[in-house]
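Structure data (mmCIF, C-alpha atoms) from start.cif:
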data_input
loop_
_atom_site.label_atom_id
_atom_site.label_comp_id
_atom_site.auth_asym_id
_atom_site.auth_seq_id
_atom_site.Cartn_x
_atom_site.Cartn_y
_atom_site.Cartn_z
CA MET Q 1 43.27 -39.25 -113.87
CA LYS Q 2 46.97 -39.48 -113.10
CA ARG Q 3 47.05 -35.85 -111.90
CA LEU Q 4 44.07 -36.40 -109.59
CA THR Q 5 45.69 -39.50 -108.10
CA LEU Q 6 48.93 -37.60 -107.45
CA LEU Q 7 47.01 -34.72 -105.85
CA ALA Q 8 45.12 -37.09 -103.55
CA ALA Q 9 48.37 -38.81 -102.56
CA ALA Q 10 50.01 -35.47 -101.82
CA ALA Q 11 47.09 -34.35 -99.65
CA ILE Q 12 47.17 -37.61 -97.68
CA ALA Q 13 50.93 -37.26 -97.21
CA TYR Q 14 50.35 -33.72 -95.92
CA VAL Q 15 47.89 -34.98 -93.30
CA LEU Q 16 50.36 -37.61 -92.11
CA ALA Q 17 53.19 -35.08 -91.98
CA ALA Q 18 51.02 -32.65 -89.99
CA TRP Q 19 50.46 -35.29 -87.31
CA MET Q 20 54.14 -36.21 -87.16
CA VAL Q 21 55.88 -32.83 -86.97
CA ALA Q 22 56.98 -31.43 -83.62
CA PRO Q 23 54.85 -28.81 -81.84
CA GLY Q 24 55.63 -25.27 -82.94
CA PHE Q 25 55.88 -26.13 -86.66
CA TYR Q 26 52.77 -24.09 -87.36
CA ASP Q 27 53.56 -20.80 -85.63
CA GLY Q 28 50.53 -18.65 -84.94
CA PHE Q 29 47.94 -21.44 -84.53
CA GLY Q 30 48.78 -21.93 -80.84
CA PRO Q 31 51.52 -21.32 -78.29
CA THR Q 32 54.76 -22.96 -79.39
CA GLU Q 33 55.05 -24.79 -76.08
CA PRO Q 34 52.77 -25.40 -73.08
CA TYR Q 35 52.26 -22.54 -70.66
CA ARG Q 36 53.98 -23.02 -67.32
CA TRP Q 37 51.43 -22.53 -64.57
CA THR Q 38 51.73 -21.72 -60.90
CA CYS Q 39 48.21 -23.08 -60.48
CA PRO Q 40 47.47 -25.16 -63.59
CA PRO Q 41 43.86 -25.59 -64.76
CA PRO Q 42 42.54 -29.18 -64.88
CA GLN Q 43 42.87 -29.38 -68.67
CA ALA Q 44 46.56 -28.45 -68.59
CA GLY Q 45 47.79 -31.98 -67.88
CA ALA Q 46 51.46 -32.32 -67.00
CA ASN Q 47 52.87 -29.01 -65.83
CA THR Q 48 56.29 -27.41 -65.39
CA LYS Q 49 56.67 -24.62 -62.86
CA PRO Q 50 57.26 -21.13 -64.30
CA SER Q 51 60.75 -19.68 -64.45
CA SER Q 52 62.29 -16.56 -62.96
CA GLY Q 53 64.51 -13.97 -64.61
CA HIS Q 54 67.43 -11.71 -63.70
CA ALA Q 55 69.59 -9.10 -65.41
CA ASP Q 56 72.26 -6.59 -64.45
CA ILE Q 57 71.76 -3.48 -66.57
CA LYS Q 58 74.96 -1.61 -67.32
CA VAL Q 59 75.37 2.05 -66.44
CA THR Q 60 77.31 4.07 -69.01
CA ASN Q 61 78.12 7.75 -68.46
CA GLY Q 62 75.74 7.85 -65.52
CA LYS Q 63 72.80 6.37 -67.45
CA THR Q 64 71.43 2.84 -67.72
CA GLU Q 65 71.48 1.27 -71.15
CA ALA Q 66 68.40 0.11 -73.03
CA TRP Q 67 67.70 -3.44 -71.83
CA SER Q 68 65.14 -6.23 -71.70
CA VAL Q 69 64.67 -8.56 -68.75
CA TYR Q 70 62.73 -11.80 -69.15
CA THR Q 71 62.14 -15.18 -67.60
CA SER Q 72 63.90 -18.15 -69.15
CA ASP Q 73 60.55 -19.56 -70.35
CA GLY Q 74 59.72 -16.25 -72.05
CA GLN Q 75 56.35 -15.83 -70.33
CA ILE Q 76 57.05 -12.25 -69.25
CA VAL Q 77 59.36 -9.59 -70.68
CA ILE Q 78 59.95 -6.04 -69.48
CA GLY Q 79 61.85 -3.58 -71.66
CA PHE Q 80 63.62 -0.46 -70.42
CA LEU Q 81 64.58 2.64 -72.39
CA PRO Q 82 67.99 4.28 -71.96
CA ASP Q 83 68.31 6.20 -68.66
CA SER Q 84 65.26 4.47 -67.17
CA PHE Q 85 66.62 4.35 -63.61
CA ASP Q 86 67.93 6.79 -61.04
CA VAL Q 87 71.36 5.18 -60.77
CA ALA Q 88 72.82 7.34 -57.94
CA GLY Q 89 76.45 6.39 -58.61
CA LYS Q 90 75.78 2.73 -59.45
CA SER Q 91 77.70 0.83 -62.13
CA THR Q 92 74.83 -1.63 -62.71
CA VAL Q 93 71.15 -1.93 -61.84
CA SER Q 94 69.84 -5.37 -60.91
CA VAL Q 95 66.33 -6.38 -62.01
CA ASP Q 96 64.60 -9.59 -60.91
CA ILE Q 97 61.41 -11.26 -62.09
CA THR Q 98 59.88 -13.88 -59.79
CA PRO Q 99 56.65 -15.83 -60.33
CA LEU Q 100 54.39 -15.65 -57.30
CA ASP Q 101 53.94 -19.09 -55.73
CA THR Q 102 50.26 -18.41 -55.04
CA CYS Q 103 47.35 -17.43 -57.27
CA PRO Q 104 45.43 -14.39 -55.96
CA GLU Q 105 41.75 -14.16 -56.88
CA PRO Q 106 40.62 -10.54 -56.53
CA LYS Q 107 36.87 -9.91 -56.56
CA ASP Q 108 36.94 -7.60 -59.57
CA VAL Q 109 39.50 -9.37 -61.78
CA ARG Q 110 39.86 -12.83 -63.29
CA PHE Q 111 43.51 -13.59 -63.97
CA VAL Q 112 44.43 -15.91 -66.84
CA THR Q 113 48.21 -15.78 -66.32
CA ASN Q 114 50.57 -16.27 -63.42
CA VAL Q 115 51.31 -13.33 -61.14
CA TYR Q 116 54.88 -12.05 -61.42
CA ARG Q 117 56.85 -9.77 -59.12
CA ILE Q 118 59.38 -7.41 -60.74
CA THR Q 119 61.90 -5.63 -58.53
CA SER Q 120 65.03 -3.51 -59.01
CA ASP Q 121 67.69 -2.06 -56.73
CA ALA Q 122 67.23 1.45 -58.20
CA PRO Q 123 64.12 3.61 -58.62
CA LEU Q 124 62.40 3.57 -62.01
CA LYS Q 125 62.05 7.03 -63.56
CA LYS Q 126 60.78 6.21 -67.07
CA LYS Q 127 57.95 4.03 -68.28
CA ALA Q 128 58.85 0.44 -69.13
CA ASN Q 129 57.12 -1.78 -71.69
CA ILE Q 130 55.77 -5.07 -70.37
CA THR Q 131 54.70 -8.15 -72.31
CA LEU Q 132 52.91 -11.20 -70.92
CA LEU Q 133 52.42 -14.52 -72.66
CA TYR Q 134 49.12 -16.31 -72.04
CA SER Q 135 47.68 -19.75 -72.76
CA ASN Q 136 44.95 -20.90 -75.13
CA LEU Q 137 43.47 -22.99 -72.29
CA LYS Q 138 41.79 -19.93 -70.77
CA PRO Q 139 39.93 -16.90 -72.17
CA HIS Q 140 42.30 -14.33 -73.60
CA PRO Q 141 43.00 -11.35 -71.30
CA ASP Q 142 41.76 -7.82 -71.96
CA ASP Q 143 44.34 -6.00 -69.86
CA ILE Q 144 47.45 -6.17 -67.68
CA TYR Q 145 47.07 -5.29 -64.01
CA ARG Q 146 49.62 -4.06 -61.44
CA THR Q 147 49.75 -3.80 -57.67
CA ASP Q 148 52.18 -3.24 -54.80
CA ASP Q 149 50.54 -6.01 -52.78
CA PRO Q 150 49.22 -9.27 -54.29
CA ASN Q 151 46.22 -9.02 -51.97
CA GLY Q 152 45.23 -5.87 -53.87
CA PRO Q 153 43.89 -3.53 -54.92
CA TRP Q 154 44.94 -4.12 -58.54
CA THR Q 155 45.32 -1.21 -60.98
CA LEU Q 156 44.45 -1.46 -64.65
CA LEU Q 157 47.39 -0.49 -66.86
CA GLU Q 158 47.03 1.59 -69.99
CA ARG Q 159 45.60 -0.50 -72.82
CA THR Q 160 47.68 -1.13 -75.91
CA SER Q 161 46.94 -2.96 -79.12
CA GLN Q 162 47.41 -6.70 -79.27
CA GLY Q 163 50.69 -7.89 -80.76
CA GLN Q 164 51.83 -11.40 -81.59
CA PRO Q 165 49.37 -14.25 -80.96
CA TYR Q 166 48.97 -15.16 -77.30
CA THR Q 167 50.77 -12.05 -76.03
CA ILE Q 168 49.47 -8.86 -74.44
CA TYR Q 169 51.36 -5.57 -74.13
CA SER Q 170 51.23 -2.52 -71.89
CA SER Q 171 53.50 -0.02 -70.13
CA THR Q 172 54.13 0.85 -66.50
CA ASP Q 173 55.84 3.64 -64.57
CA LYS Q 174 56.15 1.46 -61.47
CA LEU Q 175 57.46 -2.00 -60.76
CA GLY Q 176 55.61 -4.44 -58.51
CA TYR Q 177 53.27 -7.37 -59.16
CA PHE Q 178 51.83 -7.97 -62.65
CA ALA Q 179 49.26 -10.30 -64.19
CA ALA Q 180 46.92 -10.33 -67.20
CA GLY Q 181 43.19 -10.93 -67.06
CA TYR Q 182 39.76 -9.40 -67.55
CA ALA Q 183 37.17 -7.68 -65.36
CA SER Q 184 34.96 -10.15 -63.52
CA SER Q 185 31.93 -7.99 -64.31
CA THR Q 186 32.32 -8.68 -68.03
CA THR Q 187 31.60 -11.76 -70.10
CA PRO Q 188 34.79 -13.78 -70.47
CA PRO Q 189 36.37 -13.17 -73.87
CA PRO Q 190 36.56 -16.25 -76.09
CA GLY Q 191 39.62 -18.37 -75.42
CA GLY Q 192 42.13 -19.66 -77.92
CA VAL Q 193 41.12 -22.42 -80.33
CA VAL Q 194 41.66 -25.85 -78.85
CA THR Q 195 44.61 -27.26 -80.75
CA ILE Q 196 45.82 -30.73 -81.61
CA GLY Q 197 49.44 -31.76 -81.28
CA GLY Q 198 50.78 -28.33 -80.34
CA GLY Q 199 48.66 -26.17 -82.64
CA GLN Q 200 48.16 -28.27 -85.76
CA ALA Q 201 44.35 -28.46 -85.84
CA LEU Q 202 43.68 -25.98 -88.63
CA PRO Q 203 46.23 -27.33 -91.16
CA ILE Q 204 45.00 -30.88 -90.54
CA ILE Q 205 41.36 -29.88 -91.04
CA VAL Q 206 42.26 -28.08 -94.28
CA ALA Q 207 44.23 -31.10 -95.52
CA VAL Q 208 41.37 -33.48 -94.70
CA LEU Q 209 38.93 -31.27 -96.61
CA ILE Q 210 41.28 -31.32 -99.60
CA VAL Q 211 41.36 -35.11 -99.51
CA VAL Q 212 37.56 -35.30 -99.23
CA VAL Q 213 37.06 -32.95 -102.20
CA VAL Q 214 39.62 -34.79 -104.33
CA LEU Q 215 38.23 -38.23 -103.54
CA ALA Q 216 34.67 -37.04 -104.08
CA GLY Q 217 35.62 -35.83 -107.55
CA LEU Q 218 37.32 -39.04 -108.64
CA PRO Q 219 34.10 -40.93 -109.66
CA LEU Q 220 32.94 -37.95 -111.74
CA ALA Q 221 36.34 -37.65 -113.41
CA LEU Q 222 36.35 -41.37 -114.22
CA MET Q 223 32.82 -41.16 -115.65
CA ARG Q 224 33.75 -38.20 -117.89
CA ARG Q 225 36.91 -39.95 -119.02
CA ARG Q 226 34.93 -43.10 -119.89
CA ARG Q 227 32.30 -41.12 -121.80
CA SER Q 228 35.03 -39.28 -123.67
CA ALA Q 229 36.67 -42.58 -124.60
CA GLU Q 230 33.34 -44.06 -125.73
CA GLY Q 231 32.63 -40.96 -127.77
CA THR Q 232 35.97 -41.27 -129.51
CA GLU Q 233 35.28 -44.91 -130.36
CA ASP Q 234 31.84 -44.06 -131.75
CA ASP Q 235 33.31 -41.34 -133.96
CA GLY Q 236 35.86 -43.82 -135.25
CA GLU Q 237 33.17 -46.37 -136.13
CA GLU Q 238 31.07 -43.76 -137.99
CA ARG Q 239 34.06 -42.67 -140.05
CA SER Q 240 34.77 -46.31 -140.95
#

Could you write out this file's structure as structure tokens?
Amino acid sequence: MKRLTLLAAAAIAYVLAAWMVAPGFYDGFGPTEPYRWTCPPPQAGANTKPSSGHADIKVTNGKTEAWSVYTSDGQIVIGFLPDSFDVAGKSTVSVDITPLDTCPEPKDVRFVTNVYRITSDAPLKKKANITLLYSNLKPHPDDIYRTDDPNGPWTLLERTSQGQPYTIYSSTDKLGYFAAGYASSTTPPPGGVVTIGGGQALPIIVAVLIVVVVLAGLPLALMRRRRSAEGTEDDGEERS
């Protein structure tokens, strides 16, 4: 009985702790912080504008070093291999990432992320890896798209396997405008699970179920304990 009581108390404490911890405590159940939208969907609530990014890639012995450029909010990252640019006597190569302040809606694509423009002051000569973060408030994207003009047409980049939750990866041999989405001719993929308190829904549900099971078993445990005690008393009387 004492063990069951302690277990029930621990489960209840877990539920309370799950509600109180800061968002991001349960990594993998939802984005660690809200997505920053250029054009937020109605369910997004309060919104912070997306960030830009900049880096100066060093040139050593006539070749650029391996480098990653990303926005300060981490919503897009582009990684470059060594000697990725035609440096032409430069000592550094500048790369900029800028979120587009509009939200294009091409006929054949449904975007679920912001559109970002990536530029450099030297030509790209090797493929770069690109990663986009997306939100659980919209269907997850199937692909990353690229274009030279935000009004289109948009080109589908080579598909790669999914990586960490709420991220999508691909590679590109050209810079330009990038966004993630899915073909409008297809059924929208299922979106992320709606989360509570920054991604805590699943642990809370599990904890509640534990409490329900424990509490449901208490009457049965008490009944068995009582019968056991009565049986012991009866045995004692017979022996007397």

| request: Can you pull out every residue within 8 Å of Cys39 of chain Q, counting all atoms listed in the file, but drop anything in the same chain fewer than 4 positions away, and send it as a PyMOL selection string? | output: chain Q and resi 102-103+114

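Among the candidates Q:Tyr116, Q:Thr98, Q:Trp154, Q:Val109, the residue lying nearest to Ser185 of chain Q is Q:Val109 (atoms considered: all atoms listed in the file).
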
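Using only C-alpha atoms for every distance, the candidate list Q:Ile76, Q:Ala122, Q:Ala88, Q:Leu137 yields Q:Ile76 as the residue closest to Ile168 of chain Q.
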
| task | Work out how far atom CA of Ser170 of chain Q is from atom CA of Ile130 of chain Q, in Å to one decimal. | result |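 These atoms are spaced 5.4 Å apart.
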
| field | Output check: residues returned by the PyMOL selection byres ((chain Q and resi 92) around 6), as a count of residues only | value | 7

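The closest residue to Ala179 of chain Q, picked from Q:Pro139, Q:Gly74, Q:Pro123, Q:Pro104 and counting all atoms listed in the file, is Q:Pro104.
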
| Atom-to-atom span, atom CA of Ile144 of chain Q and atom CA of Phe178 of chain Q, Å |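 Computing it gives 6.9 Å between the two atoms.
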
So what does the PyMOL selection byres ((chain Q and resi 128) around 12) actually pick up in this one, as a tab-separated table (two decimals) with C-alpha atoms, in the coordinates of the input?
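Generated output (selection15.tsv):
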chain	number	residue	atom	x	y	z
Q	66	ALA	CA	68.40	0.11	-73.03
Q	67	TRP	CA	67.70	-3.44	-71.83
Q	68	SER	CA	65.14	-6.23	-71.70
Q	69	VAL	CA	64.67	-8.56	-68.75
Q	77	VAL	CA	59.36	-9.59	-70.68
Q	78	ILE	CA	59.95	-6.04	-69.48
Q	79	GLY	CA	61.85	-3.58	-71.66
Q	80	PHE	CA	63.62	-0.46	-70.42
Q	81	LEU	CA	64.58	2.64	-72.39
Q	82	PRO	CA	67.99	4.28	-71.96
Q	83	ASP	CA	68.31	6.20	-68.66
Q	84	SER	CA	65.26	4.47	-67.17
Q	85	PHE	CA	66.62	4.35	-63.61
Q	118	ILE	CA	59.38	-7.41	-60.74
Q	124	LEU	CA	62.40	3.57	-62.01
Q	125	LYS	CA	62.05	7.03	-63.56
Q	126	LYS	CA	60.78	6.21	-67.07
Q	127	LYS	CA	57.95	4.03	-68.28
Q	129	ASN	CA	57.12	-1.78	-71.69
Q	130	ILE	CA	55.77	-5.07	-70.37
Q	131	THR	CA	54.70	-8.15	-72.31
Q	157	LEU	CA	47.39	-0.49	-66.86
Q	158	GLU	CA	47.03	1.59	-69.99
Q	169	TYR	CA	51.36	-5.57	-74.13
Q	170	SER	CA	51.23	-2.52	-71.89
Q	171	SER	CA	53.50	-0.02	-70.13
Q	172	THR	CA	54.13	0.85	-66.50
Q	173	ASP	CA	55.84	3.64	-64.57
Q	174	LYS	CA	56.15	1.46	-61.47
Q	175	LEU	CA	57.46	-2.00	-60.76

| request: Give as a list in words each residue that has an atom at most 12 Å from (30.9, -7.8, -63.8) in the file, counting only C-alpha atoms. | output: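 All residues meeting the 12 Å criterion around (30.9, -7.8, -63.8) are Lys107, Asp108, Val109, Arg110, Tyr182, Ala183, Ser184, Ser185, Thr186, Thr187 and Pro188 of chain Q.
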
| task | Quick one: pull the distance between atom CA of Thr64 of chain Q and atom CA of Ile97 of chain Q, Å, one decimal. | result |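 Calculated distance between atom CA of Thr64 of chain Q and atom CA of Ile97 of chain Q is 18.2 Å.
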
| query | Of the residues Q:Ser94, Q:Thr113, Q:Ser72, Q:Thr60, which is the one nearest to His140 of chain Q, using only C-alpha atoms? | reply |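 Going through Q:Ser94, Q:Thr113, Q:Ser72, Q:Thr60 one by one, the smallest distance to His140 of chain Q is for Q:Thr113.
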
| Residue nearest Asp121 of chain Q - candidates Q:Glu33, Q:Asp96, Q:Glu105, Q:Glu65, atoms counted: all atoms listed in the file | Q:Asp96

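Distances from Q:Asp149, Q:Pro41, Q:Ala180, Q:Asp143 to Gln75 of chain Q were compared using only C-alpha atoms, and the smallest one belongs to Q:Ala180.
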
Could you write out as a CSV table (one decimal) with C-alpha atoms, keeping the file's coordinate frame the residues that the PyMOL selection byres ((chain Q and resi 134) around 6) matches in the shown file?
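Produced file selection.csv, reproduced below:
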chain,number,residue,atom,x,y,z
Q,113,THR,CA,48.2,-15.8,-66.3
Q,133,LEU,CA,52.4,-14.5,-72.7
Q,135,SER,CA,47.7,-19.8,-72.8
Q,166,TYR,CA,49.0,-15.2,-77.3
